[in-house]
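K.L.:
Can you keep this structure in mind? I'll have questions shortly.
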Amino acid sequence: MLTRPPAVAGTFYSNDPQTLRDEIKAYLQQAPAPPAGAAAPLALVAPHAGYFYSGAVAAEAYRLVVGQKFDLVVVVAPSHHHYFNGISIYSAGNYRTPLGEVTVDGALAETLISQYAELDFIPAAHRSEHSLEVQLPFLQVALGEFTLLPMIMGKQGWGQAVKLAEIIAELALTRRLLLVASTDLSHFHDAVSAGRLDRQIVAAVAAFDAFAFWSLIEKRQAEACGAGPLLSVMLAARKLGAERAQILSYRHSGEVCGDNSRVVGYLAAAFFNG
């Protein structure tokens, strides 16, 4: 067992367990609560910046699943540090955060890797990657104990996303899944330009229109560093019966730090049945 240690604790979020737990609880308490009796979403979209910048946005997604129980949480995140083809599933052990270990379904990971040529375990893809890691403390606080299937997406394209959506849909035949797409939106434009770019993606996600979303990305009319994960989760959610999307929050980093000259966009969204 090679438990993957946290790579960005102390930088993207606190490395002190109590401070971290209290910070996440505060974000969740500030986020709007779902209506009484509302069904849990099939899938979430959450940003992956440092919590100072994007924690309040992420909380609006994770607030919808507080106290829920799932058989498996599938987090799909982009690779920032290591380029590769395909999708890497961590299969060597668990993930650890300051809040404790997150159990990875290693047996399932190994089975999937043996069945699908698109899947592999590439240690370098996980070693320093923050985009998946920063989702885990929020999940630990919102859900308590849960089992994880951690996926890092290398090359991002329509074909890869379609295949991954098919694989995820097969998993859902025997499990209650929660899907999480990890993505930020535009990077380092001024606030006005970022808003113009990001509003197009927000509109495509709100319309639950995967084709429109991917067209924006392919034509470079908008940006999302986790475009492939978001597309994969949109397609998978549709296969699982989701019929509507809800935009929960959109903000940019300038709204937090006051620097509107070079901002990063953050989106929280959810996909539901009915």
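Chains: A, B, ... in order of the structure tokens. Residues: from 1 per chain. Ligands: from 1, in order shown.
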Could you name the residues that touch range 150-155 of chain A at 7 Å or less, counting only C-alpha atoms, but leaving out those on the same chain fewer than 2 positions away, as a PyMOL selection string?

P.N.:
chain A and resi 74-79+83-90+125+148+157+229

K.L.:
Next, the residues of the selection above should be written as a compact mmCIF listing (two decimals), in the first residue's frame with N, CA and C atoms.

P.N.:
# COMPACT_ATOMS: atom_id res chain seq x y z
N VAL A 74 -16.74 9.28 -7.42
CA VAL A 74 -15.82 9.31 -8.55
C VAL A 74 -15.43 10.77 -8.79
N VAL A 75 -14.17 11.09 -8.55
CA VAL A 75 -13.67 12.45 -8.80
C VAL A 75 -12.82 12.41 -10.07
N VAL A 76 -13.18 13.25 -11.03
CA VAL A 76 -12.44 13.35 -12.29
C VAL A 76 -11.79 14.73 -12.33
N ALA A 77 -10.48 14.74 -12.45
CA ALA A 77 -9.73 15.99 -12.34
C ALA A 77 -8.68 16.06 -13.45
N PRO A 78 -8.24 17.27 -13.81
CA PRO A 78 -7.24 17.41 -14.86
C PRO A 78 -5.82 17.30 -14.31
N SER A 79 -4.90 17.03 -15.21
CA SER A 79 -3.48 16.99 -14.85
C SER A 79 -2.84 18.34 -15.19
N TYR A 83 2.04 15.45 -18.48
CA TYR A 83 1.25 15.21 -19.68
C TYR A 83 1.28 13.71 -20.03
N PHE A 84 0.12 13.17 -20.33
CA PHE A 84 0.02 11.77 -20.74
C PHE A 84 -1.29 11.57 -21.47
N ASN A 85 -1.39 10.49 -22.21
CA ASN A 85 -2.64 10.11 -22.85
C ASN A 85 -3.45 9.24 -21.90
N GLY A 86 -4.76 9.31 -22.03
CA GLY A 86 -5.61 8.43 -21.23
C GLY A 86 -5.97 9.03 -19.88
N ILE A 87 -6.41 8.14 -19.01
CA ILE A 87 -6.89 8.51 -17.68
C ILE A 87 -6.18 7.64 -16.66
N SER A 88 -5.64 8.25 -15.62
CA SER A 88 -4.94 7.51 -14.58
C SER A 88 -5.82 7.37 -13.34
N ILE A 89 -5.96 6.14 -12.88
CA ILE A 89 -6.67 5.87 -11.63
C ILE A 89 -5.63 5.47 -10.58
N TYR A 90 -5.68 6.12 -9.43
CA TYR A 90 -4.75 5.74 -8.36
C TYR A 90 -5.18 4.38 -7.81
N ALA A 125 1.18 11.24 -12.41
CA ALA A 125 -0.02 12.05 -12.62
C ALA A 125 -0.66 12.46 -11.30
N LEU A 148 -13.55 6.16 -2.54
CA LEU A 148 -13.16 7.04 -3.64
C LEU A 148 -12.63 6.25 -4.82
N GLY A 157 -10.16 15.25 -24.63
CA GLY A 157 -10.82 15.33 -25.92
C GLY A 157 -12.21 14.74 -25.84
N PRO A 229 -12.61 16.74 -17.75
CA PRO A 229 -13.38 16.21 -16.63
C PRO A 229 -14.82 16.72 -16.60

K.L.:
Could the residues of range 139-237 of chain A that have an atom at most 12 Å from range 49-70 of chain A be listed as CSV, each with its closest atom pair and the distance in Å to one decimal, counting only C-alpha atoms and ordered by chain and ascending residue number?

P.N.:
residue,atom,partner,partner_atom,distance
A:Leu139,CA,A:Tyr62,CA,7.2
A:Gln140,CA,A:Val66,CA,9.8
A:Val141,CA,A:Val66,CA,7.9
A:Ala142,CA,A:Val66,CA,4.3
A:Leu143,CA,A:Gly67,CA,5.3
A:Gly144,CA,A:Gly67,CA,7.6
A:Glu145,CA,A:Lys69,CA,8.8
A:Phe146,CA,A:Phe70,CA,7.2
A:Thr147,CA,A:Phe70,CA,8.2
A:Leu148,CA,A:Phe70,CA,10.0
A:Ala172,CA,A:Phe70,CA,10.9
A:Thr174,CA,A:Phe70,CA,11.7
A:Arg175,CA,A:Phe70,CA,7.9
A:Arg176,CA,A:Phe70,CA,5.4
A:Leu177,CA,A:Phe70,CA,5.7
A:Leu178,CA,A:Phe70,CA,6.4
A:Leu179,CA,A:Phe70,CA,10.1
A:Val180,CA,A:Ala61,CA,9.5
A:Ala181,CA,A:Ala61,CA,10.8
A:Ser182,CA,A:Ala58,CA,9.8
A:Thr183,CA,A:Ala49,CA,8.9
A:Asp184,CA,A:Ala49,CA,7.4
A:Leu185,CA,A:Ala49,CA,10.6
A:His187,CA,A:Ala49,CA,11.3
A:Cys225,CA,A:Ala49,CA,11.3
A:Gly226,CA,A:Ala49,CA,11.9

K.L.:
Run DSSP on the backbone of this structure and report the residues of range 76-226 of chain A it assigns to alpha helix (DSSP H), as a VMD selection string.

P.N.:
chain A and resid 106 to 115 123 to 127 130 to 133 135 to 143 158 to 171 191 to 206 210 to 218

K.L.:
Ranking A:Ala169, A:Ala206, A:Met234, A:Leu197 by minimum distance to Gln221 in chain A and counting only C-alpha atoms, which one comes first?

P.N.:
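Closest residue, counting only C-alpha atoms: A:Leu197.
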
K.L.:
Kindly indicate which residue among A:Ala107, A:Pro35, A:Val134, A:Gly228 lies nearest to Gly10 in chain A, using only C-alpha atoms for the distances.

P.N.:
A:Val134

K.L.:
Select from range 5-153 of chain A everything DSSP, run on the backbone, classes as strand (DSSP E or B), then give the selection as a PyMOL selection string.

P.N.:
chain A and resi 9+13+43-46+72-78+87-89+95-97+100-104+119-120+147-153

K.L.:
Please produce a file of the residues just selected, as an mmCIF file, in the first residue's frame, where the atoms kept are N, CA and C atoms.

P.N.:
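Output file selection21.cif follows:
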data_model
loop_
_atom_site.group_PDB
_atom_site.id
_atom_site.type_symbol
_atom_site.label_atom_id
_atom_site.label_comp_id
_atom_site.auth_asym_id
_atom_site.auth_seq_id
_atom_site.Cartn_x
_atom_site.Cartn_y
_atom_site.Cartn_z
ATOM 1 N N ALA A 9 -1.304 20.557 1.177
ATOM 2 C CA ALA A 9 -1.696 20.960 2.524
ATOM 3 C C ALA A 9 -0.680 21.964 3.037
ATOM 4 N N TYR A 13 -4.648 24.795 1.312
ATOM 5 C CA TYR A 13 -5.547 24.731 2.465
ATOM 6 C C TYR A 13 -4.705 24.425 3.698
ATOM 7 N N ALA A 43 -24.307 14.568 -9.781
ATOM 8 C CA ALA A 43 -22.958 15.029 -10.088
ATOM 9 C C ALA A 43 -22.798 16.473 -9.668
ATOM 10 N N LEU A 44 -21.556 16.815 -9.338
ATOM 11 C CA LEU A 44 -21.196 18.168 -8.934
ATOM 12 C C LEU A 44 -20.060 18.676 -9.810
ATOM 13 N N VAL A 45 -19.993 19.988 -9.942
ATOM 14 C CA VAL A 45 -18.850 20.679 -10.518
ATOM 15 C C VAL A 45 -18.299 21.588 -9.435
ATOM 16 N N ALA A 46 -16.988 21.496 -9.184
ATOM 17 C CA ALA A 46 -16.380 22.296 -8.126
ATOM 18 C C ALA A 46 -15.010 22.784 -8.568
ATOM 19 N N LEU A 72 -19.944 5.003 -3.902
ATOM 20 C CA LEU A 72 -18.655 5.354 -4.489
ATOM 21 C C LEU A 72 -18.694 6.804 -4.942
ATOM 22 N N VAL A 73 -17.621 7.518 -4.653
ATOM 23 C CA VAL A 73 -17.453 8.888 -5.141
ATOM 24 C C VAL A 73 -16.378 8.857 -6.216
ATOM 25 N N VAL A 74 -16.743 9.284 -7.419
ATOM 26 C CA VAL A 74 -15.818 9.314 -8.550
ATOM 27 C C VAL A 74 -15.433 10.770 -8.793
ATOM 28 N N VAL A 75 -14.172 11.091 -8.548
ATOM 29 C CA VAL A 75 -13.675 12.446 -8.802
ATOM 30 C C VAL A 75 -12.825 12.409 -10.065
ATOM 31 N N VAL A 76 -13.185 13.249 -11.032
ATOM 32 C CA VAL A 76 -12.438 13.347 -12.286
ATOM 33 C C VAL A 76 -11.795 14.728 -12.326
ATOM 34 N N ALA A 77 -10.478 14.743 -12.446
ATOM 35 C CA ALA A 77 -9.725 15.990 -12.342
ATOM 36 C C ALA A 77 -8.677 16.064 -13.446
ATOM 37 N N PRO A 78 -8.244 17.269 -13.810
ATOM 38 C CA PRO A 78 -7.235 17.410 -14.863
ATOM 39 C C PRO A 78 -5.816 17.299 -14.312
ATOM 40 N N ILE A 87 -6.408 8.141 -19.007
ATOM 41 C CA ILE A 87 -6.892 8.511 -17.680
ATOM 42 C C ILE A 87 -6.177 7.638 -16.662
ATOM 43 N N SER A 88 -5.643 8.251 -15.620
ATOM 44 C CA SER A 88 -4.941 7.510 -14.578
ATOM 45 C C SER A 88 -5.824 7.375 -13.345
ATOM 46 N N ILE A 89 -5.958 6.137 -12.878
ATOM 47 C CA ILE A 89 -6.668 5.867 -11.625
ATOM 48 C C ILE A 89 -5.635 5.472 -10.576
ATOM 49 N N TYR A 95 -5.701 7.769 -0.473
ATOM 50 C CA TYR A 95 -5.298 9.173 -0.431
ATOM 51 C C TYR A 95 -5.353 9.635 1.024
ATOM 52 N N ARG A 96 -4.409 10.456 1.432
ATOM 53 C CA ARG A 96 -4.433 11.006 2.786
ATOM 54 C C ARG A 96 -4.539 12.527 2.733
ATOM 55 N N THR A 97 -5.329 13.090 3.628
ATOM 56 C CA THR A 97 -5.387 14.535 3.841
ATOM 57 C C THR A 97 -5.141 14.776 5.330
ATOM 58 N N GLY A 100 -7.367 12.772 7.611
ATOM 59 C CA GLY A 100 -7.289 11.318 7.678
ATOM 60 C C GLY A 100 -7.238 10.699 6.295
ATOM 61 N N GLU A 101 -7.254 9.378 6.267
ATOM 62 C CA GLU A 101 -7.167 8.666 4.994
ATOM 63 C C GLU A 101 -8.538 8.544 4.336
ATOM 64 N N VAL A 102 -8.529 8.684 3.032
ATOM 65 C CA VAL A 102 -9.710 8.444 2.210
ATOM 66 C C VAL A 102 -9.518 7.090 1.539
ATOM 67 N N THR A 103 -10.444 6.193 1.762
ATOM 68 C CA THR A 103 -10.336 4.836 1.215
ATOM 69 C C THR A 103 -10.553 4.845 -0.292
ATOM 70 N N VAL A 104 -9.580 4.345 -1.000
ATOM 71 C CA VAL A 104 -9.691 4.172 -2.449
ATOM 72 C C VAL A 104 -10.090 2.731 -2.739
ATOM 73 N N LEU A 119 -7.498 3.332 -19.532
ATOM 74 C CA LEU A 119 -7.219 3.541 -18.120
ATOM 75 C C LEU A 119 -5.889 2.918 -17.743
ATOM 76 N N ASP A 120 -5.197 3.582 -16.810
ATOM 77 C CA ASP A 120 -3.914 3.086 -16.335
ATOM 78 C C ASP A 120 -3.658 3.699 -14.972
ATOM 79 N N THR A 147 -15.947 6.005 0.013
ATOM 80 C CA THR A 147 -14.983 5.283 -0.824
ATOM 81 C C THR A 147 -14.801 6.046 -2.122
ATOM 82 N N LEU A 148 -13.549 6.156 -2.541
ATOM 83 C CA LEU A 148 -13.160 7.039 -3.639
ATOM 84 C C LEU A 148 -12.628 6.255 -4.824
ATOM 85 N N LEU A 149 -12.956 6.733 -6.016
ATOM 86 C CA LEU A 149 -12.281 6.315 -7.237
ATOM 87 C C LEU A 149 -11.659 7.577 -7.826
ATOM 88 N N PRO A 150 -10.333 7.771 -7.657
ATOM 89 C CA PRO A 150 -9.691 9.022 -8.067
ATOM 90 C C PRO A 150 -9.125 8.937 -9.480
ATOM 91 N N MET A 151 -9.631 9.789 -10.371
ATOM 92 C CA MET A 151 -9.244 9.751 -11.777
ATOM 93 C C MET A 151 -8.607 11.070 -12.178
ATOM 94 N N ILE A 152 -7.409 10.984 -12.749
ATOM 95 C CA ILE A 152 -6.734 12.150 -13.323
ATOM 96 C C ILE A 152 -6.745 11.990 -14.839
ATOM 97 N N MET A 153 -7.233 13.000 -15.518
ATOM 98 C CA MET A 153 -7.366 12.959 -16.968
ATOM 99 C C MET A 153 -6.157 13.630 -17.599
#

K.L.:
Rounded to one decimal place, report the CA of Gln200 in chain A-CA of Ala212 in chain A distance in Å.

P.N.:
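CA of Gln200 in chain A sits 9.3 Å away from CA of Ala212 in chain A.
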
K.L.:
Check which residues of range 119-225 of chain A sit at most 7 Å from range 257-264 of chain A using only C-alpha atoms, and return one row each with the closest pair of atoms and their distance in Å to one decimal, ordered by chain and rising number, as a Markdown table.

P.N.:
| residue | atom | partner | partner_atom | distance |
| --- | --- | --- | --- | --- |
| A:Leu185 | CA | A:Val264 | CA | 6.6 |
| A:Ser186 | CA | A:Val264 | CA | 5.6 |
| A:His187 | CA | A:Val264 | CA | 4.5 |
| A:Phe188 | CA | A:Arg262 | CA | 4.1 |
| A:His189 | CA | A:Arg262 | CA | 4.8 |
| A:Asp190 | CA | A:Ser261 | CA | 4.3 |
| A:Ala191 | CA | A:Asn260 | CA | 5.1 |

K.L.:
If we count only C-alpha atoms and set the cut-off at 10 Å, which residues sit around Asp209 in chain A, ignoring sequence neighbours fewer than 2 positions away in its own chain? Please answer as number ranges by chain.

P.N.:
A: 201, 203-207, 211-214, 231, 234-235, 244-245

K.L.:
Could you turn the residues from that selection into a file that holds N, CA and C atoms, as a CSV table (one decimal), in the first residue's frame?

P.N.:
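Printed below is again.csv as written:
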chain,number,residue,atom,x,y,z
A,201,ILE,N,-19.5,29.6,-20.8
A,201,ILE,CA,-19.5,28.2,-20.2
A,201,ILE,C,-20.6,28.0,-19.2
A,203,ALA,N,-23.4,29.4,-19.3
A,203,ALA,CA,-24.7,29.2,-20.1
A,203,ALA,C,-24.8,27.8,-20.6
A,204,ALA,N,-23.7,27.3,-21.2
A,204,ALA,CA,-23.7,25.9,-21.7
A,204,ALA,C,-24.0,24.9,-20.6
A,205,VAL,N,-23.4,25.0,-19.5
A,205,VAL,CA,-23.6,24.1,-18.4
A,205,VAL,C,-25.0,24.2,-17.9
A,206,ALA,N,-25.5,25.4,-17.7
A,206,ALA,CA,-26.9,25.6,-17.3
A,206,ALA,C,-27.9,25.0,-18.2
A,207,ALA,N,-27.6,25.0,-19.5
A,207,ALA,CA,-28.5,24.4,-20.5
A,207,ALA,C,-28.2,22.9,-20.6
A,211,PHE,N,-22.5,19.5,-26.1
A,211,PHE,CA,-22.0,19.8,-27.4
A,211,PHE,C,-21.6,21.3,-27.4
A,212,ALA,N,-22.5,22.2,-26.9
A,212,ALA,CA,-22.2,23.6,-26.9
A,212,ALA,C,-21.0,23.9,-26.0
A,213,PHE,N,-20.9,23.2,-24.9
A,213,PHE,CA,-19.7,23.4,-24.0
A,213,PHE,C,-18.4,23.1,-24.7
A,214,TRP,N,-18.4,21.9,-25.4
A,214,TRP,CA,-17.2,21.4,-26.0
A,214,TRP,C,-16.8,22.3,-27.2
A,231,LEU,N,-16.7,17.8,-19.1
A,231,LEU,CA,-17.4,17.1,-20.2
A,231,LEU,C,-17.7,15.7,-19.9
A,234,MET,N,-20.5,15.6,-17.3
A,234,MET,CA,-21.8,16.0,-18.0
A,234,MET,C,-22.4,14.8,-18.8
A,235,LEU,N,-21.5,14.2,-19.6
A,235,LEU,CA,-22.0,13.1,-20.4
A,235,LEU,C,-22.4,11.9,-19.5
A,244,ARG,N,-31.5,17.8,-15.7
A,244,ARG,CA,-31.3,19.3,-15.5
A,244,ARG,C,-30.1,19.6,-14.8
A,245,ALA,N,-29.6,20.8,-15.1
A,245,ALA,CA,-28.4,21.3,-14.4
A,245,ALA,C,-28.8,22.6,-13.6

K.L.:
May I ask which of the residues A:Phe271, A:Leu164, A:Leu171, A:Gly195 is the closest one to Leu108 in chain A, counting only C-alpha atoms?

P.N.:
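Of all the options, A:Leu171 lies closest to Leu108 in chain A.
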
K.L.:
Env of Ser91 in chain A: 7 Å cut, atoms = only C-alpha atoms, seq-sep filter 5 positions within chain, self excluded. Answer as a list in words.

P.N.:
Gly106, Ala109, Glu110 and Phe121 of chain A

K.L.:
CA of Ser249 in chain A and CA of Ser193 in chain A, how far apart in Å?

P.N.:
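Atom-to-atom, CA of Ser193 in chain A to CA of Ser249 in chain A, that is 18.3 Å.
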
K.L.:
Applying 12 Å and only C-alpha atoms, which residues near Glu166 in chain A remain after dropping the ones on its own chain fewer than 4 positions away? List them as a PyMOL selection string.

P.N.:
chain A and resi 116+118+159-162+170-173+232-240

K.L.:
Could you take the residues named above and write them with N, CA and C atoms, as a PDB file, in the first residue's frame?

P.N.:
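To be explicit, this is the file written out as out-v8.pdb:
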ATOM      1  N   TYR A 116      -9.902  -1.799 -19.560  1.00  0.00           N
ATOM      2  CA  TYR A 116      -9.995  -0.700 -20.515  1.00  0.00           C
ATOM      3  C   TYR A 116      -8.615  -0.155 -20.844  1.00  0.00           C
ATOM      4  N   GLU A 118      -7.907   2.587 -22.117  1.00  0.00           N
ATOM      5  CA  GLU A 118      -7.825   4.028 -21.856  1.00  0.00           C
ATOM      6  C   GLU A 118      -7.400   4.337 -20.422  1.00  0.00           C
ATOM      7  N   GLY A 159     -13.522  12.247 -27.595  1.00  0.00           N
ATOM      8  CA  GLY A 159     -13.506  10.789 -27.582  1.00  0.00           C
ATOM      9  C   GLY A 159     -13.164  10.229 -26.213  1.00  0.00           C
ATOM     10  N   GLN A 160     -12.176  10.811 -25.543  1.00  0.00           N
ATOM     11  CA  GLN A 160     -11.804  10.345 -24.198  1.00  0.00           C
ATOM     12  C   GLN A 160     -12.964  10.531 -23.227  1.00  0.00           C
ATOM     13  N   ALA A 161     -13.653  11.666 -23.344  1.00  0.00           N
ATOM     14  CA  ALA A 161     -14.759  11.941 -22.424  1.00  0.00           C
ATOM     15  C   ALA A 161     -15.929  10.984 -22.652  1.00  0.00           C
ATOM     16  N   VAL A 162     -16.221  10.713 -23.909  1.00  0.00           N
ATOM     17  CA  VAL A 162     -17.317   9.777 -24.214  1.00  0.00           C
ATOM     18  C   VAL A 162     -17.009   8.401 -23.628  1.00  0.00           C
ATOM     19  N   GLU A 170     -21.377   2.291 -16.535  1.00  0.00           N
ATOM     20  CA  GLU A 170     -21.354   0.869 -16.177  1.00  0.00           C
ATOM     21  C   GLU A 170     -21.220   0.692 -14.660  1.00  0.00           C
ATOM     22  N   LEU A 171     -20.407   1.521 -14.026  1.00  0.00           N
ATOM     23  CA  LEU A 171     -20.232   1.423 -12.571  1.00  0.00           C
ATOM     24  C   LEU A 171     -21.548   1.679 -11.843  1.00  0.00           C
ATOM     25  N   ALA A 172     -22.349   2.559 -12.413  1.00  0.00           N
ATOM     26  CA  ALA A 172     -23.589   2.951 -11.741  1.00  0.00           C
ATOM     27  C   ALA A 172     -24.668   1.882 -11.797  1.00  0.00           C
ATOM     28  N   LEU A 173     -24.451   0.821 -12.583  1.00  0.00           N
ATOM     29  CA  LEU A 173     -25.453  -0.243 -12.646  1.00  0.00           C
ATOM     30  C   LEU A 173     -25.605  -0.949 -11.310  1.00  0.00           C
ATOM     31  N   SER A 232     -16.740  14.969 -19.357  1.00  0.00           N
ATOM     32  CA  SER A 232     -16.958  13.562 -18.985  1.00  0.00           C
ATOM     33  C   SER A 232     -18.081  13.422 -17.980  1.00  0.00           C
ATOM     34  N   VAL A 233     -18.090  14.285 -16.988  1.00  0.00           N
ATOM     35  CA  VAL A 233     -19.118  14.198 -15.938  1.00  0.00           C
ATOM     36  C   VAL A 233     -20.471  14.627 -16.481  1.00  0.00           C
ATOM     37  N   MET A 234     -20.509  15.627 -17.343  1.00  0.00           N
ATOM     38  CA  MET A 234     -21.779  16.000 -17.964  1.00  0.00           C
ATOM     39  C   MET A 234     -22.356  14.828 -18.754  1.00  0.00           C
ATOM     40  N   LEU A 235     -21.524  14.185 -19.569  1.00  0.00           N
ATOM     41  CA  LEU A 235     -21.986  13.058 -20.382  1.00  0.00           C
ATOM     42  C   LEU A 235     -22.392  11.879 -19.510  1.00  0.00           C
ATOM     43  N   ALA A 236     -21.606  11.602 -18.470  1.00  0.00           N
ATOM     44  CA  ALA A 236     -21.932  10.487 -17.579  1.00  0.00           C
ATOM     45  C   ALA A 236     -23.225  10.760 -16.823  1.00  0.00           C
ATOM     46  N   ALA A 237     -23.395  11.974 -16.332  1.00  0.00           N
ATOM     47  CA  ALA A 237     -24.619  12.315 -15.607  1.00  0.00           C
ATOM     48  C   ALA A 237     -25.841  12.136 -16.494  1.00  0.00           C
ATOM     49  N   ARG A 238     -25.720  12.518 -17.758  1.00  0.00           N
ATOM     50  CA  ARG A 238     -26.838  12.334 -18.694  1.00  0.00           C
ATOM     51  C   ARG A 238     -27.148  10.850 -18.857  1.00  0.00           C
ATOM     52  N   LYS A 239     -26.123  10.014 -18.962  1.00  0.00           N
ATOM     53  CA  LYS A 239     -26.330   8.573 -19.077  1.00  0.00           C
ATOM     54  C   LYS A 239     -26.990   8.003 -17.826  1.00  0.00           C
ATOM     55  N   LEU A 240     -26.720   8.615 -16.667  1.00  0.00           N
ATOM     56  CA  LEU A 240     -27.292   8.127 -15.412  1.00  0.00           C
ATOM     57  C   LEU A 240     -28.701   8.655 -15.175  1.00  0.00           C
TER      58      LEU A 240
END
